$ cat query.cif   # mmCIF, C-alpha atoms
data_protein
#
loop_
_atom_site.label_atom_id
_atom_site.label_comp_id
_atom_site.auth_asym_id
_atom_site.auth_seq_id
_atom_site.Cartn_x
_atom_site.Cartn_y
_atom_site.Cartn_z
CA LEU A 882 38.87 35.72 72.92
CA CYS A 883 38.02 32.24 74.10
CA PRO A 884 38.08 29.42 71.53
CA PRO A 885 35.18 26.98 72.08
CA PRO A 886 35.91 23.49 73.47
CA GLY A 887 36.99 21.12 70.72
CA ALA A 888 38.25 23.97 68.50
CA SER A 889 40.93 22.93 65.99
CA LYS A 890 44.08 24.93 65.27
CA GLY A 891 42.35 26.21 62.12
CA ASP A 892 39.34 27.34 64.19
CA VAL A 893 41.61 29.26 66.58
CA ARG A 894 43.43 30.95 63.67
CA GLU A 895 40.18 32.04 61.98
CA LYS A 896 38.79 33.38 65.25
CA VAL A 897 41.92 35.51 65.88
CA TRP A 898 42.15 36.78 62.30
CA ASP A 899 38.43 37.65 62.22
CA TYR A 900 38.61 39.44 65.57
CA LEU A 901 41.66 41.53 64.61
CA GLU A 902 39.93 42.68 61.42
CA ALA A 903 36.48 43.25 62.97
CA SER A 904 37.81 45.18 65.98
CA GLY A 905 39.97 47.56 63.94
CA LEU A 906 43.20 46.22 65.48
CA ALA A 907 44.61 44.81 62.23
CA ASP A 908 47.43 46.77 60.59
CA PHE A 909 49.22 46.68 57.22
CA PRO A 910 49.48 44.32 55.36
CA ARG A 911 45.75 43.61 55.18
CA PRO A 912 43.79 41.47 55.34
CA VAL A 913 45.65 39.66 58.11
CA HIS A 914 44.13 36.28 57.22
CA ARG A 915 46.70 33.62 56.19
CA ARG A 916 49.50 35.73 57.69
CA ILE A 917 51.33 36.26 60.95
CA PRO A 918 49.08 39.26 61.64
CA ASN A 919 50.40 42.76 62.08
CA PHE A 920 48.50 44.78 64.67
CA LYS A 921 48.23 48.29 66.06
CA GLY A 922 50.69 48.56 68.93
CA SER A 923 53.21 46.07 67.48
CA ARG A 924 56.07 48.62 67.70
CA GLN A 925 55.27 49.20 71.38
CA ALA A 926 55.26 45.45 72.05
CA CYS A 927 58.58 45.09 70.21
CA CYS A 928 60.21 47.88 72.24
CA SER A 929 59.64 45.97 75.48
CA ILE A 930 62.17 43.35 74.34
CA LYS A 931 64.86 45.77 75.54
CA GLU A 932 63.65 45.05 79.09
CA LEU A 933 64.51 41.34 78.79
CA ASP A 934 67.88 40.17 80.09
CA VAL A 935 67.85 37.38 77.51
CA PHE A 936 67.84 40.06 74.79
CA ASN A 937 70.44 42.29 76.40
CA ARG A 938 72.83 39.35 76.90
CA ALA A 939 72.31 37.94 73.40
CA ARG A 940 74.95 38.55 70.75
CA GLU A 941 73.26 36.70 67.88
CA VAL A 942 69.50 36.99 67.43
CA LYS A 943 67.27 35.18 64.92
CA VAL A 944 64.08 37.13 64.12
CA ASP A 945 61.43 36.04 61.63
CA PRO A 946 60.77 38.39 58.66
CA ASP A 947 57.12 39.10 59.58
CA LYS A 948 55.95 42.72 59.64
CA PRO A 949 54.94 42.82 63.36
CA LEU A 950 58.53 41.86 64.30
CA GLU A 951 60.10 44.81 62.49
CA GLY A 952 60.64 46.66 65.80
CA VAL A 953 62.63 43.74 67.25
CA ARG A 954 64.83 43.59 64.16
CA LEU A 955 65.48 47.33 64.53
CA ALA A 956 66.25 46.97 68.26
CA ALA A 957 68.77 44.20 67.48
CA LEU A 958 70.49 46.32 64.82
CA GLN A 959 70.56 49.41 67.05
CA ALA A 960 72.15 47.31 69.82
CA ARG A 961 74.78 46.13 67.29
CA LYS A 962 73.77 42.50 67.62
CA THR A 963 74.20 39.98 64.80
CA LEU A 964 70.77 39.74 63.18
CA LEU A 965 69.77 36.57 61.33
CA VAL A 966 66.51 36.44 59.37
CA PRO A 967 65.21 33.21 57.78
CA THR A 968 65.04 33.28 53.99
CA PRO A 969 61.44 33.53 52.70
CA ARG A 970 59.89 30.05 52.75
CA LEU A 971 63.44 28.69 53.18
CA ARG A 972 63.79 28.59 49.37
CA THR A 973 67.48 29.55 49.21
CA GLY A 974 68.93 28.43 52.52
CA LEU A 975 68.12 28.95 56.17
CA PHE A 976 69.38 32.39 57.20
CA ASN A 977 70.32 35.73 55.81
CA LYS A 978 72.58 37.88 57.98
CA ILE A 979 71.60 41.54 57.89
CA VAL A 980 74.72 43.65 57.33
CA PRO A 981 74.05 47.41 57.54
CA PRO A 982 76.52 49.61 55.65
CA SER A 983 79.34 51.04 57.78
CA GLY A 984 78.33 54.24 59.55
CA ALA A 985 74.63 53.51 58.95
CA THR A 986 72.31 56.25 60.17
CA LYS A 987 69.18 55.54 62.24
CA GLU A 988 67.16 55.88 59.06
CA ILE A 989 69.29 53.29 57.24
CA LEU A 990 68.95 50.90 60.20
CA ARG A 991 65.17 51.36 60.01
CA ILE A 992 65.28 50.38 56.34
CA CYS A 993 67.49 47.34 57.17
CA ALA A 994 64.78 46.12 59.57
CA THR A 995 62.08 46.16 56.84
CA SER A 996 61.38 43.47 54.26
CA GLN A 997 63.02 45.69 51.64
CA GLY A 998 66.11 46.10 53.80
CA ILE A 999 66.34 42.35 54.33
CA LYS A 1000 66.62 41.98 50.54
CA GLU A 1001 69.13 44.82 50.07
CA TYR A 1002 71.42 44.49 53.09
CA SER A 1003 71.75 40.77 53.68
CA VAL A 1004 74.23 38.00 52.94
CA PRO A 1005 73.36 34.28 53.05
CA VAL A 1006 74.65 32.12 55.90
CA GLY A 1007 75.46 28.61 54.70
CA LEU A 1008 74.86 25.32 56.45
CA ASP A 1009 78.42 25.42 57.77
CA GLY A 1010 78.26 29.11 58.68
CA LYS A 1011 78.69 28.23 62.39
CA ALA A 1012 75.68 30.28 63.51
CA ARG A 1013 75.24 30.31 67.31
CA VAL A 1014 71.85 31.82 68.05
CA ASP A 1015 71.36 33.20 71.58
CA LEU A 1016 67.71 34.27 71.16
CA VAL A 1017 64.90 33.25 68.79
CA VAL A 1018 62.00 35.63 68.03
CA VAL A 1019 58.99 34.24 66.16
CA GLY A 1020 55.62 35.56 65.07
CA SER A 1021 52.40 33.83 66.13
CA VAL A 1022 48.71 33.84 65.25
CA ALA A 1023 47.78 32.70 68.76
CA VAL A 1024 49.67 31.81 71.92
CA SER A 1025 48.69 30.69 75.42
CA GLU A 1026 50.13 31.93 78.70
CA LYS A 1027 51.57 28.42 79.09
CA GLY A 1028 53.74 29.09 76.03
CA TRP A 1029 51.84 26.97 73.54
CA ARG A 1030 51.91 28.55 70.10
CA ILE A 1031 49.88 28.38 66.89
CA GLY A 1032 51.44 29.79 63.71
CA LYS A 1033 49.79 30.51 60.38
CA GLY A 1034 49.66 26.82 59.52
CA GLU A 1035 52.54 26.31 57.10
CA GLY A 1036 55.00 24.99 59.68
CA TYR A 1037 57.95 27.18 58.69
CA ALA A 1038 58.78 28.51 62.20
CA ASP A 1039 58.69 24.96 63.60
CA MET A 1040 60.85 23.71 60.72
CA GLU A 1041 63.32 26.62 61.06
CA TYR A 1042 63.80 25.81 64.74
CA ALA A 1043 64.23 22.08 64.06
CA MET A 1044 66.80 22.88 61.36
CA MET A 1045 68.67 25.17 63.76
CA VAL A 1046 68.82 22.28 66.26
CA SER A 1047 70.18 19.98 63.52
CA MET A 1048 72.80 22.59 62.61
CA GLY A 1049 73.79 23.06 66.25
CA ALA A 1050 72.74 26.73 66.04
CA VAL A 1051 70.44 26.54 69.10
CA GLN A 1052 70.57 24.62 72.37
CA GLU A 1053 67.78 23.18 74.50
CA ASP A 1054 67.80 26.29 76.70
CA THR A 1055 67.90 28.90 73.92
CA PRO A 1056 64.99 31.23 74.79
CA VAL A 1057 62.12 31.80 72.33
CA VAL A 1058 60.11 35.05 72.33
CA THR A 1059 56.91 35.91 70.46
CA ILE A 1060 55.28 39.30 69.83
CA VAL A 1061 51.44 39.44 69.70
CA HIS A 1062 48.48 41.67 70.52
CA ASP A 1063 46.82 41.00 73.88
CA CYS A 1064 43.79 39.53 72.09
CA GLN A 1065 46.04 36.83 70.54
CA VAL A 1066 46.82 35.42 74.00
CA VAL A 1067 44.18 32.70 74.29
CA ASP A 1068 43.61 29.30 75.90
CA ILE A 1069 44.96 26.52 73.68
CA ALA A 1070 44.08 22.89 74.38
CA GLU A 1071 47.19 20.79 74.92
CA GLU A 1072 45.86 18.04 72.67
CA LEU A 1073 46.26 20.42 69.71
CA LEU A 1074 50.05 20.38 70.16
CA ASP A 1075 52.31 18.03 68.25
CA ASP A 1076 55.92 16.95 68.84
CA HIS A 1077 57.20 19.33 66.16
CA ASP A 1078 55.36 22.40 67.54
CA LEU A 1079 57.60 25.16 68.88
CA THR A 1080 56.78 26.55 72.33
CA VAL A 1081 57.72 30.02 73.61
CA ASP A 1082 59.34 31.27 76.83
CA TYR A 1083 58.29 34.94 76.66
CA ILE A 1084 55.22 36.67 75.20
CA LEU A 1085 55.43 40.42 74.55
CA THR A 1086 52.20 42.39 74.01
CA PRO A 1087 51.58 46.16 73.95
CA THR A 1088 50.67 45.98 77.67
CA ARG A 1089 52.43 42.95 79.14
CA ILE A 1090 55.58 40.85 79.35
CA ILE A 1091 54.57 37.26 80.11
CA LYS A 1092 57.17 34.71 81.21
CA THR A 1093 55.54 31.37 80.41
CA ASN A 1094 57.82 29.01 82.39
CA CYS A 1095 56.90 26.46 79.73
CA LYS A 1096 58.08 22.97 80.63
CA ARG A 1097 57.03 21.27 77.39
CA PRO A 1098 60.22 20.30 75.50
CA LYS A 1099 60.99 22.08 72.25
CA PRO A 1100 61.63 20.11 69.05
CA ARG A 1101 64.95 18.25 69.32
CA GLY A 1102 65.71 18.27 65.63
CA ILE A 1103 63.96 17.43 62.39
CA ILE A 1104 61.32 14.72 62.75
CA TRP A 1105 61.98 13.14 59.36
CA HIS A 1106 58.98 10.82 59.34
CA LYS A 1107 56.81 13.95 59.35
CA VAL A 1108 58.65 15.49 56.38
CA SER A 1109 57.18 14.83 52.93
CA TYR A 1110 58.94 14.64 49.57
CA GLU A 1111 57.00 17.77 48.62
CA MET A 1112 58.51 19.68 51.56
CA LEU A 1113 61.97 18.33 50.67
CA GLY A 1114 61.47 19.74 47.17
CA LYS A 1115 60.34 23.14 48.46
CA ILE A 1116 63.15 23.56 51.02
CA PRO A 1117 66.48 22.73 49.32
CA ILE A 1118 68.59 23.04 52.51
CA LEU A 1119 66.53 20.17 54.00
CA LYS A 1120 68.16 17.86 51.45
CA SER A 1121 71.62 18.78 52.69
CA LEU A 1122 70.62 18.34 56.34
CA ARG A 1123 69.02 14.98 55.55
CA TYR A 1124 72.12 13.81 53.70
CA ARG A 1125 74.33 14.94 56.58
CA GLU A 1126 72.17 13.18 59.19
CA LYS A 1127 72.01 9.99 57.12
CA GLN A 1128 75.82 10.00 56.93
CA ALA A 1129 75.83 10.30 60.74
CA GLY A 1130 73.73 7.12 60.95
CA LYS A 1131 70.35 8.68 61.82
CA ASP A 1132 67.03 7.34 60.54
CA VAL A 1133 65.90 9.84 57.90
CA THR A 1134 62.95 7.88 56.47
CA LEU A 1135 60.39 10.35 55.13
CA GLN A 1136 56.64 10.47 55.76
CA ASP A 1137 55.73 9.22 52.29
CA GLU A 1138 58.83 7.16 51.57
CA HIS A 1139 57.81 4.02 49.70
CA SER A 1140 59.15 0.57 50.37
CA ASP A 1141 60.93 0.51 47.01
CA LEU A 1142 63.15 3.32 48.24
CA ALA A 1143 64.52 0.98 50.88
CA ASN A 1144 66.84 -0.12 48.05
CA ALA A 1145 68.61 3.22 48.52
CA ASN A 1146 70.24 1.59 51.54
CA ALA A 1147 71.72 -1.20 49.40
CA PRO A 1148 75.15 0.38 48.76
CA ALA A 1149 75.76 0.61 52.53
CA ALA A 1150 79.35 -0.58 52.15
CA LEU A 1151 80.04 2.22 49.67
CA ASN A 1152 78.48 4.74 52.04
CA GLU A 1153 80.68 3.47 54.86
CA LYS A 1154 83.72 3.74 52.63
CA ALA A 1155 82.83 7.32 51.74
CA MET A 1156 82.33 8.15 55.41
CA ALA A 1157 85.69 6.63 56.30
CA GLU A 1158 87.34 8.74 53.61
CA ASN A 1159 85.56 11.84 54.89
CA THR A 1160 87.02 11.37 58.36
CA ARG A 1161 90.64 11.22 57.23
CA PRO A 1162 92.82 14.28 57.91
CA GLN A 1163 92.47 16.75 55.07
CA ALA A 1164 96.18 16.60 54.18
CA ALA A 1165 95.80 12.91 53.44
CA THR A 1166 92.94 13.27 50.97
CA GLY A 1167 93.46 11.69 47.56
CA SER A 1168 95.95 13.89 45.77
CA ALA A 1169 95.89 11.41 42.90
CA GLN A 1170 92.59 12.93 41.82
CA ILE A 1171 93.86 16.51 41.88
CA GLY A 1172 94.86 17.88 38.50
CA GLN A 1173 93.44 14.98 36.54
CA HIS A 1174 90.02 14.07 35.23
CA TYR A 1175 88.10 11.13 36.59
CA VAL A 1176 85.45 9.54 34.38
CA GLU A 1177 83.21 6.71 35.51
CA SER A 1178 80.57 5.08 33.32
CA ASP A 1179 78.04 2.41 34.16
CA SER A 1180 76.92 -0.50 31.98
CA LEU A 1181 74.78 1.84 29.89
CA SER A 1182 77.76 3.85 28.70
CA PRO A 1183 77.69 2.54 25.09
CA ARG A 1184 74.50 4.59 24.65
CA LEU A 1185 76.58 7.70 25.15
CA GLU A 1186 78.24 7.39 21.78
CA GLY A 1187 76.35 9.09 19.00
CA SER A 1188 73.14 9.42 20.97
CA GLY A 1189 71.25 12.69 20.60
CA MET A 1190 69.24 11.95 23.74
CA ILE A 1191 72.04 12.31 26.29
CA THR A 1192 71.73 15.48 28.40
CA THR A 1193 74.58 16.79 30.55
CA VAL A 1194 74.27 18.46 33.95
CA TYR A 1195 76.96 20.84 35.21
CA VAL A 1196 77.88 20.73 38.93
CA GLY A 1197 80.05 23.65 40.07
CA ASN A 1198 81.34 25.33 43.23
CA ILE A 1199 82.66 21.99 44.50
CA SER A 1200 84.81 22.50 47.59
CA PRO A 1201 88.50 21.51 47.22
CA SER A 1202 88.05 19.18 50.23
CA VAL A 1203 85.28 17.13 48.55
CA ARG A 1204 86.22 13.77 47.05
CA VAL A 1205 84.52 12.13 44.09
CA SER A 1206 83.26 9.35 46.40
CA GLU A 1207 81.27 11.93 48.39
CA LEU A 1208 79.60 13.28 45.26
CA LYS A 1209 78.77 9.75 44.08
CA CYS A 1210 77.30 8.96 47.49
CA ALA A 1211 75.12 12.11 47.34
CA LEU A 1212 73.97 11.26 43.79
CA ARG A 1213 72.80 7.83 44.96
CA GLU A 1214 71.10 9.33 48.01
CA PHE A 1215 69.09 11.79 45.88
CA HIS A 1216 68.29 9.18 43.22
CA ALA A 1217 70.26 11.17 40.65
CA THR A 1218 72.88 8.58 39.57
CA PRO A 1219 74.06 9.49 36.03
CA LEU A 1220 75.08 7.26 33.13
CA ARG A 1221 78.51 8.82 33.33
CA LEU A 1222 80.29 11.10 35.80
CA ASN A 1223 83.12 13.33 34.54
CA TRP A 1224 84.90 14.56 37.71
CA GLN A 1225 87.12 17.64 37.38
CA GLY A 1226 88.01 18.30 41.01
CA ALA A 1227 90.94 20.61 40.21
CA GLN A 1228 88.47 22.92 38.44
CA HIS A 1229 85.92 22.45 41.28
CA ARG A 1230 83.30 20.98 38.93
CA ALA A 1231 81.86 17.80 37.48
CA PHE A 1232 79.67 16.90 34.51
CA LEU A 1233 76.91 14.30 34.74
CA ASP A 1234 75.40 12.60 31.68
CA TYR A 1235 71.76 11.48 31.81
CA LYS A 1236 69.74 9.47 29.28
CA ASP A 1237 67.43 12.36 28.32
CA LYS A 1238 66.49 15.94 29.19
CA ALA A 1239 63.64 14.99 31.54
CA THR A 1240 65.94 12.79 33.64
CA ALA A 1241 68.60 15.52 33.69
CA GLU A 1242 66.07 18.17 34.75
CA SER A 1243 64.82 15.87 37.49
CA ALA A 1244 68.40 15.47 38.73
CA VAL A 1245 68.91 19.26 38.73
CA SER A 1246 65.73 19.66 40.79
CA SER A 1247 66.79 16.93 43.25
CA LEU A 1248 70.30 18.32 43.75
CA LYS A 1249 69.32 22.01 43.98
CA GLY A 1250 70.55 23.49 47.25
CA LEU A 1251 72.80 20.52 48.11
CA SER A 1252 75.80 21.50 50.25
CA LEU A 1253 79.01 19.43 50.26
CA GLY A 1254 82.13 20.38 52.18
CA GLY A 1255 80.59 23.67 53.25
CA ASN A 1256 79.80 24.86 49.70
CA THR A 1257 76.33 24.99 48.18
CA LEU A 1258 76.71 23.33 44.79
CA ARG A 1259 75.78 25.14 41.60
CA VAL A 1260 73.69 22.65 39.61
CA GLU A 1261 72.24 23.37 36.16
CA LEU A 1262 71.94 21.93 32.65
CA ALA A 1263 75.26 22.29 30.84
CA LYS A 1264 75.19 25.26 28.45
CA ASN A 1265 76.30 23.41 25.34
CA GLN A 1266 74.51 20.09 24.87
CA ARG A 1267 75.52 19.44 21.26
CA ASN A 1268 79.17 18.59 21.84
CA LYS A 1269 80.20 16.58 24.87
CA GLY A 1270 83.81 17.56 24.29
CA GLN A 1271 86.02 20.45 25.30
CA VAL A 1272 83.73 23.17 23.87
CA GLU A 1273 81.03 22.46 26.43
CA ILE A 1274 83.45 22.13 29.32
CA ASN A 1275 85.22 25.39 28.54
CA SER A 1276 81.96 27.30 28.19
CA GLN A 1277 80.97 26.79 31.81
CA LYS A 1278 83.33 28.07 34.47
#
$ encode --input "query.cif" --output "structure tokens"
Amino acid sequence: LCPPPGASKGDVREKVWDYLEASGLADFPRPVHRRIPNFKGSRQACCSIKELDVFNRAREVKVDPDKPLEGVRLAALQARKTLLVPTPRLRTGLFNKIVPPSGATKEILRICATSQGIKEYSVPVGLDGKARVDLVVVGSVAVSEKGWRIGKGEGYADMEYAMMVSMGAVQEDTPVVTIVHDCQVVDIAEELLDDHDLTVDYILTPTRIIKTNCKRPKPRGIIWHKVSYEMLGKIPILKSLRYREKQAGKDVTLQDEHSDLANANAPAALNEKAMAENTRPQAATGSAQIGQHYVESDSLSPRLEGSGMITTVYVGNISPSVRVSELKCALREFHATPLRLNWQGAQHRAFLDYKDKATAESAVSSLKGLSLGGNTLRVELAKNQRNKGQVEINSQK
């Protein structure tokens, strides 16, 4: 396969997908178009990973959930390595850790390596799960012997890697391996590569092990100005990473961020105050708030009385270490500031009042997946909207 001069990434993908189907090399699931393609001989290519020192030395391995990588997932489980698999489309976090039942037979391990097993035998790893990945294995549509990679075009592998960098889960020298058919190893023009594109160090095919010696640097974290609001909405954990990086003083301006959102930087003094509080020793955190309710209303609070429009949002699973100032800071950051905040830190929850249901639902959507103090918050419309008193609060634990 030799892509013509001037071919785009899309052209290269179509050429590979078409060739795999036309030559009878494509394997289940079919057709391979729009996927990381499975191919005949994928198990053989996967088995050769056992010949790599980087695999044998690795204790924690991240392997994508694609079908052609099933053999690598099995090899990792058989070698009793910690196996991390990204959640599908990153909808519920970043990783799931595959945990086979104790005394698992070879057959059970085989099931654990499949997409079904990933669903049945996995536990989520949170943002503060302290993952330390020693080896990354990704699928590809096409790859060059220089280590330049083209995925299926949705950017998830690149984003997963960038998020791992942001989390401190991978280092600059963490090796990246891909598994492909020989026909997927093609010439790729360097001008097709972007800063966020992940490169690979090893290519495994049914007949070869290629060490690329790639010198092109890998992504060094999330390139926020290339992230859209749409992507932020689709990948909840991105919101938490963005919030964390903003607190650390990094520029997290998004691709389509409008100038009016610059006003989000206005309460800088409040942000600094929250950050200062966050850095205090845990024992010194505000015990005055523990065991008592904290209610804060803004100038619109008179509308709360007797108004049928007000809609309440429940925020649960709040870590004991989180202060109300941190939640308020996050609410401002995600443009979800309520009319009133009812903080109940001792019960690890808070209630937020919004002017109407649409605003409340928008806030739920914005805050979904947010992690504070190591806990992913549970955010939903409060169950009882008719009575803003004790009935509603007691109904939601």
$ atom_distance --input "query.cif" --atom1 "atom CA of A:Pro1117" --atom2 "atom CA of A:Ser1200"
18.4 Å
$ resolve_selection --input "query.cif" --expression "the PyMOL selection byres ((chain A and resi 1133) around 9)" --output "NGL selection string"
:A and (1104-1106 or 1123-1124 or 1126-1127 or 1130-1132 or 1134-1135)
$ atom_distance --input "query.cif" --atom1 "atom CA of A:Glu1207" --atom2 "atom CA of A:Ala1043"
25.3 Å
$ closest_residue --input "query.cif" --among "A:Val1260, A:Ile1103, A:Val1024, A:Leu1208" --to "A:Thr1080" --atoms "only C-alpha atoms"
A:Val1024
$ atom_distance --input "query.cif" --atom1 "atom CA of A:Gly922" --atom2 "atom CA of A:Leu965"
23.8 Å
$ residues_near_point --input "query.cif" --point "(67.9, 42.3, 69.1)" --cutoff "9 Å" --atoms "only C-alpha atoms" --output "PDB file with C-alpha atoms, keeping the file's coordinate frame"
ATOM      1  CA  ILE A 930      62.170  43.350  74.340  1.00  0.00           C
ATOM      2  CA  LYS A 931      64.860  45.770  75.540  1.00  0.00           C
ATOM      3  CA  PHE A 936      67.840  40.060  74.790  1.00  0.00           C
ATOM      4  CA  ASN A 937      70.440  42.290  76.400  1.00  0.00           C
ATOM      5  CA  ALA A 939      72.310  37.940  73.400  1.00  0.00           C
ATOM      6  CA  ARG A 940      74.950  38.550  70.750  1.00  0.00           C
ATOM      7  CA  GLU A 941      73.260  36.700  67.880  1.00  0.00           C
ATOM      8  CA  VAL A 942      69.500  36.990  67.430  1.00  0.00           C
ATOM      9  CA  LYS A 943      67.270  35.180  64.920  1.00  0.00           C
ATOM     10  CA  VAL A 944      64.080  37.130  64.120  1.00  0.00           C
ATOM     11  CA  VAL A 953      62.630  43.740  67.250  1.00  0.00           C
ATOM     12  CA  ARG A 954      64.830  43.590  64.160  1.00  0.00           C
ATOM     13  CA  LEU A 955      65.480  47.330  64.530  1.00  0.00           C
ATOM     14  CA  ALA A 956      66.250  46.970  68.260  1.00  0.00           C
ATOM     15  CA  ALA A 957      68.770  44.200  67.480  1.00  0.00           C
ATOM     16  CA  LEU A 958      70.490  46.320  64.820  1.00  0.00           C
ATOM     17  CA  GLN A 959      70.560  49.410  67.050  1.00  0.00           C
ATOM     18  CA  ALA A 960      72.150  47.310  69.820  1.00  0.00           C
ATOM     19  CA  ARG A 961      74.780  46.130  67.290  1.00  0.00           C
ATOM     20  CA  LYS A 962      73.770  42.500  67.620  1.00  0.00           C
ATOM     21  CA  THR A 963      74.200  39.980  64.800  1.00  0.00           C
ATOM     22  CA  LEU A 964      70.770  39.740  63.180  1.00  0.00           C
ATOM     23  CA  LEU A1016      67.710  34.270  71.160  1.00  0.00           C
ATOM     24  CA  VAL A1018      62.000  35.630  68.030  1.00  0.00           C
TER      25      VAL A1018
END
$ resolve_selection --input "query.cif" --expression "the PyMOL selection byres ((chain A and resi 916) around 10)" --output "PyMOL selection string"
chain A and resi 894+898+910-915+917-919+947-948+1020-1022+1032-1035
$ resolve_selection --input "query.cif" --expression "the PyMOL selection byres ((chain A and resi 1216) around 10)" --output "PyMOL selection string"
chain A and resi 1142+1145+1210-1215+1217-1219+1243-1244+1247-1248
$ residues_around --input "query.cif" --residues "stretch 1239-1241 of chain A" --least-positions-apart "2" --cutoff "7 Å" --atoms "only C-alpha atoms" --output "JSON, numbers by chain"
{"A": [1192, 1193, 1194, 1235, 1236, 1237, 1243, 1244, 1245]}
$ residues_around --input "query.cif" --residues "stretch 1058-1069 of chain A" --least-positions-apart "5" --cutoff "7 Å" --atoms "only C-alpha atoms" --output "CSV table (one decimal) with C-alpha atoms, in the frame of the given file"
chain,number,residue,atom,x,y,z
A,882,LEU,CA,38.9,35.7,72.9
A,883,CYS,CA,38.0,32.2,74.1
A,897,VAL,CA,41.9,35.5,65.9
A,920,PHE,CA,48.5,44.8,64.7
A,926,ALA,CA,55.3,45.4,72.0
A,927,CYS,CA,58.6,45.1,70.2
A,950,LEU,CA,58.5,41.9,64.3
A,1017,VAL,CA,64.9,33.2,68.8
A,1018,VAL,CA,62.0,35.6,68.0
A,1019,VAL,CA,59.0,34.2,66.2
A,1020,GLY,CA,55.6,35.6,65.1
A,1021,SER,CA,52.4,33.8,66.1
A,1022,VAL,CA,48.7,33.8,65.2
A,1023,ALA,CA,47.8,32.7,68.8
A,1024,VAL,CA,49.7,31.8,71.9
A,1025,SER,CA,48.7,30.7,75.4
A,1026,GLU,CA,50.1,31.9,78.7
A,1029,TRP,CA,51.8,27.0,73.5
A,1081,VAL,CA,57.7,30.0,73.6
A,1082,ASP,CA,59.3,31.3,76.8
A,1083,TYR,CA,58.3,34.9,76.7
A,1084,ILE,CA,55.2,36.7,75.2
A,1085,LEU,CA,55.4,40.4,74.6
A,1086,THR,CA,52.2,42.4,74.0
A,1087,PRO,CA,51.6,46.2,74.0
$ closest_residue --input "query.cif" --among "A:Ile1116, A:Leu990, A:Ala888, A:Leu1122" --to "A:Glu1072" --atoms "all atoms listed in the file"
A:Ala888
$ closest_residue --input "query.cif" --among "A:Pro886, A:Gly1036, A:Gly974, A:Pro981" --to "A:Ile1118" --atoms "all atoms listed in the file"
A:Gly974
$ closest_residue --input "query.cif" --among "A:Pro982, A:Gly1028, A:Gly998, A:Gly1255" --to "A:Ala1070" --atoms "only C-alpha atoms"
A:Gly1028
$ closest_residue --input "query.cif" --among "A:Gln1225, A:Gln1266, A:Ser1047, A:Ser1246" --to "A:Ala1129" --atoms "all atoms listed in the file"
A:Ser1047
$ closest_residue --input "query.cif" --among "A:Pro969, A:Pro1056, A:Gly1114, A:Pro1005" --to "A:Cys1095" --atoms "all atoms listed in the file"
A:Pro1056
$ residues_around --input "query.cif" --residues "A:Ile992" --least-positions-apart "3" --cutoff "10 Å" --atoms "all atoms listed in the file" --output "count of residues only"
14
$ build_atoms --input "query.cif" --residues "stretch 1024-1035 of chain A" --atoms "N, CA and C atoms" --output "JSON list (two decimals), in the coordinates of the input"
[["chain", "number", "residue", "atom", "x", "y", "z"],
["A", 1024, "VAL", "N", 48.74, 32.38, 70.96],
["A", 1024, "VAL", "CA", 49.67, 31.81, 71.92],
["A", 1024, "VAL", "C", 48.97, 31.77, 73.27],
["A", 1025, "SER", "N", 49.29, 30.76, 74.08],
["A", 1025, "SER", "CA", 48.69, 30.69, 75.42],
["A", 1025, "SER", "C", 49.71, 31.13, 76.46],
["A", 1026, "GLU", "N", 49.22, 31.50, 77.63],
["A", 1026, "GLU", "CA", 50.13, 31.93, 78.70],
["A", 1026, "GLU", "C", 51.05, 30.80, 79.14],
["A", 1027, "LYS", "N", 50.70, 29.57, 78.79],
["A", 1027, "LYS", "CA", 51.57, 28.42, 79.09],
["A", 1027, "LYS", "C", 52.71, 28.31, 78.08],
["A", 1028, "GLY", "N", 52.67, 29.12, 77.03],
["A", 1028, "GLY", "CA", 53.74, 29.09, 76.03],
["A", 1028, "GLY", "C", 53.44, 28.24, 74.82],
["A", 1029, "TRP", "N", 52.20, 27.78, 74.70],
["A", 1029, "TRP", "CA", 51.84, 26.97, 73.54],
["A", 1029, "TRP", "C", 51.44, 27.88, 72.40],
["A", 1030, "ARG", "N", 52.00, 27.61, 71.23],
["A", 1030, "ARG", "CA", 51.91, 28.55, 70.10],
["A", 1030, "ARG", "C", 51.21, 27.92, 68.90],
["A", 1031, "ILE", "N", 50.45, 28.77, 68.18],
["A", 1031, "ILE", "CA", 49.88, 28.38, 66.89],
["A", 1031, "ILE", "C", 50.35, 29.40, 65.86],
["A", 1032, "GLY", "N", 50.98, 28.91, 64.79],
["A", 1032, "GLY", "CA", 51.44, 29.79, 63.71],
["A", 1032, "GLY", "C", 50.38, 29.89, 62.63],
["A", 1033, "LYS", "N", 50.79, 30.31, 61.44],
["A", 1033, "LYS", "CA", 49.79, 30.51, 60.38],
["A", 1033, "LYS", "C", 49.44, 29.22, 59.65],
["A", 1034, "GLY", "N", 50.09, 28.12, 60.04],
["A", 1034, "GLY", "CA", 49.66, 26.82, 59.52],
["A", 1034, "GLY", "C", 50.55, 26.21, 58.47],
["A", 1035, "GLU", "N", 51.66, 26.87, 58.12],
["A", 1035, "GLU", "CA", 52.54, 26.31, 57.10],
["A", 1035, "GLU", "C", 53.74, 25.58, 57.69]]
